[in-house]
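Okay, so here's the structure we're looking at.
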Amino acid sequence: MAMAFKMATTGMWVADECKSSFMEMKWKKVHRFIVFKIDEKSRLVTVDKVGGPGEGFDQLAASLPDDDCRYAVFDFDFVTVDNCRKSKIFFIAWSPAASRIRAKILYATSKDGLRRALEGIHYELQATDPTEMGFDVIMDRAK
């Protein structure tokens, strides 16, 4: 299996599928969101779930576990006050309070490496519960 990018600080690798899925989302608009997870045994960041173009923010929020950390990217389409269609990509670091301390540390130290591998992210959110990454928070940041 070919690896796209090694994260120097934690020794984690980003799988090629992560980068290719992100590029499909960014350029071809075939995904609305992508959820990534770290497989601690293989030391690899992989794609956990992909949301189709018809899915939205509610499906993304529902796909994040209540007791484990994840990364997610969300392609947010909106219309400005000037009636212009815009699209912004959000990177979400999900670290719920119920997750293990080891997982929180691992995800926190690996985050920057994944962000560097995914070029074209506009905004970043860190959330420990759903209210910190709600639709209203994303809308406020996108303006």
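Ordering of the structure tokens sets the chain letters (A, B, ...), residue numbers begin anew at 1 in every chain, and ligands are numbered from 1 in the order given.
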Can you tell me, as a PyMOL selection string, what residues are no more than 9 Å from A:Gly134 when counting only C-alpha atoms, ignoring any on the same chain fewer than 5 positions away?
chain A and resi 57+61+139
For A:Lys49, find every residue with an atom within 8 Å (counting only C-alpha atoms), except residues of its own chain fewer than 6 positions away, and show them as a PyMOL selection string.
chain A and resi 34-36+63
Return the single residue from A:Lys29, A:Lys86, A:Lys104, A:Arg116 that is closest to A:Thr128, with distances computed using only C-alpha atoms.
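Closest to A:Thr128, using only C-alpha atoms: A:Lys104.
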Best match for closeness to A:Glu40 among A:Ala127, A:Val73, A:Ile138, A:Met12, counting only C-alpha atoms:
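Closest residue, counting only C-alpha atoms: A:Met12.
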Which is closer to A:Val137 than all the others in A:Ile92, A:Val50, A:Ala97, A:Ile105, using only C-alpha atoms?
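For A:Val137, the nearest of the given residues is A:Ile92.
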Got a sec: who's within 10 Å of A:Tyr123, counting only C-alpha atoms, leaving out chain neighbours fewer than 4 positions off, as a PyMOL selection string?
chain A and resi 73-74+88-92+138+141-142
Export of prior selection with N, CA, C and O atoms as a PDB file, in the first residue's frame:
```pdb
ATOM      1  N   VAL A  73     -13.835  16.810   7.035  1.00  0.00           N
ATOM      2  CA  VAL A  73     -13.850  17.975   6.160  1.00  0.00           C
ATOM      3  C   VAL A  73     -15.257  18.090   5.595  1.00  0.00           C
ATOM      4  O   VAL A  73     -15.896  17.086   5.289  1.00  0.00           O
ATOM      5  N   PHE A  74     -15.739  19.317   5.515  1.00  0.00           N
ATOM      6  CA  PHE A  74     -17.109  19.583   5.096  1.00  0.00           C
ATOM      7  C   PHE A  74     -17.091  20.679   4.045  1.00  0.00           C
ATOM      8  O   PHE A  74     -16.524  21.757   4.259  1.00  0.00           O
ATOM      9  N   LYS A  88     -16.952  26.937   0.793  1.00  0.00           N
ATOM     10  CA  LYS A  88     -15.803  26.966   1.697  1.00  0.00           C
ATOM     11  C   LYS A  88     -15.644  25.582   2.309  1.00  0.00           C
ATOM     12  O   LYS A  88     -16.621  24.930   2.663  1.00  0.00           O
ATOM     13  N   ILE A  89     -14.398  25.150   2.443  1.00  0.00           N
ATOM     14  CA  ILE A  89     -14.120  23.834   3.023  1.00  0.00           C
ATOM     15  C   ILE A  89     -13.664  24.010   4.461  1.00  0.00           C
ATOM     16  O   ILE A  89     -12.715  24.754   4.742  1.00  0.00           O
ATOM     17  N   PHE A  90     -14.352  23.311   5.356  1.00  0.00           N
ATOM     18  CA  PHE A  90     -14.061  23.349   6.780  1.00  0.00           C
ATOM     19  C   PHE A  90     -13.353  22.065   7.203  1.00  0.00           C
ATOM     20  O   PHE A  90     -13.759  20.981   6.799  1.00  0.00           O
ATOM     21  N   PHE A  91     -12.343  22.208   8.036  1.00  0.00           N
ATOM     22  CA  PHE A  91     -11.680  21.076   8.675  1.00  0.00           C
ATOM     23  C   PHE A  91     -12.165  21.059  10.119  1.00  0.00           C
ATOM     24  O   PHE A  91     -12.067  22.063  10.827  1.00  0.00           O
ATOM     25  N   ILE A  92     -12.690  19.932  10.553  1.00  0.00           N
ATOM     26  CA  ILE A  92     -13.225  19.810  11.909  1.00  0.00           C
ATOM     27  C   ILE A  92     -12.428  18.755  12.674  1.00  0.00           C
ATOM     28  O   ILE A  92     -12.305  17.618  12.219  1.00  0.00           O
ATOM     29  N   ILE A 138     -20.729  27.380  11.707  1.00  0.00           N
ATOM     30  CA  ILE A 138     -20.139  27.277  10.363  1.00  0.00           C
ATOM     31  C   ILE A 138     -20.579  28.449   9.501  1.00  0.00           C
ATOM     32  O   ILE A 138     -19.770  29.056   8.792  1.00  0.00           O
ATOM     33  N   ARG A 141     -18.654  31.608  10.477  1.00  0.00           N
ATOM     34  CA  ARG A 141     -17.249  31.585  10.043  1.00  0.00           C
ATOM     35  C   ARG A 141     -17.115  31.779   8.541  1.00  0.00           C
ATOM     36  O   ARG A 141     -16.143  32.348   8.068  1.00  0.00           O
ATOM     37  N   ALA A 142     -18.088  31.307   7.780  1.00  0.00           N
ATOM     38  CA  ALA A 142     -18.009  31.363   6.312  1.00  0.00           C
ATOM     39  C   ALA A 142     -18.224  32.769   5.767  1.00  0.00           C
ATOM     40  O   ALA A 142     -17.786  33.071   4.666  1.00  0.00           O
TER      41      ALA A 142
END
```
DSSP on the backbone: what in chain A comes out helix (DSSP H, G or I), as a ChimeraX atom specification?
/A:16-28,57-63,101-117,130-133,135-142
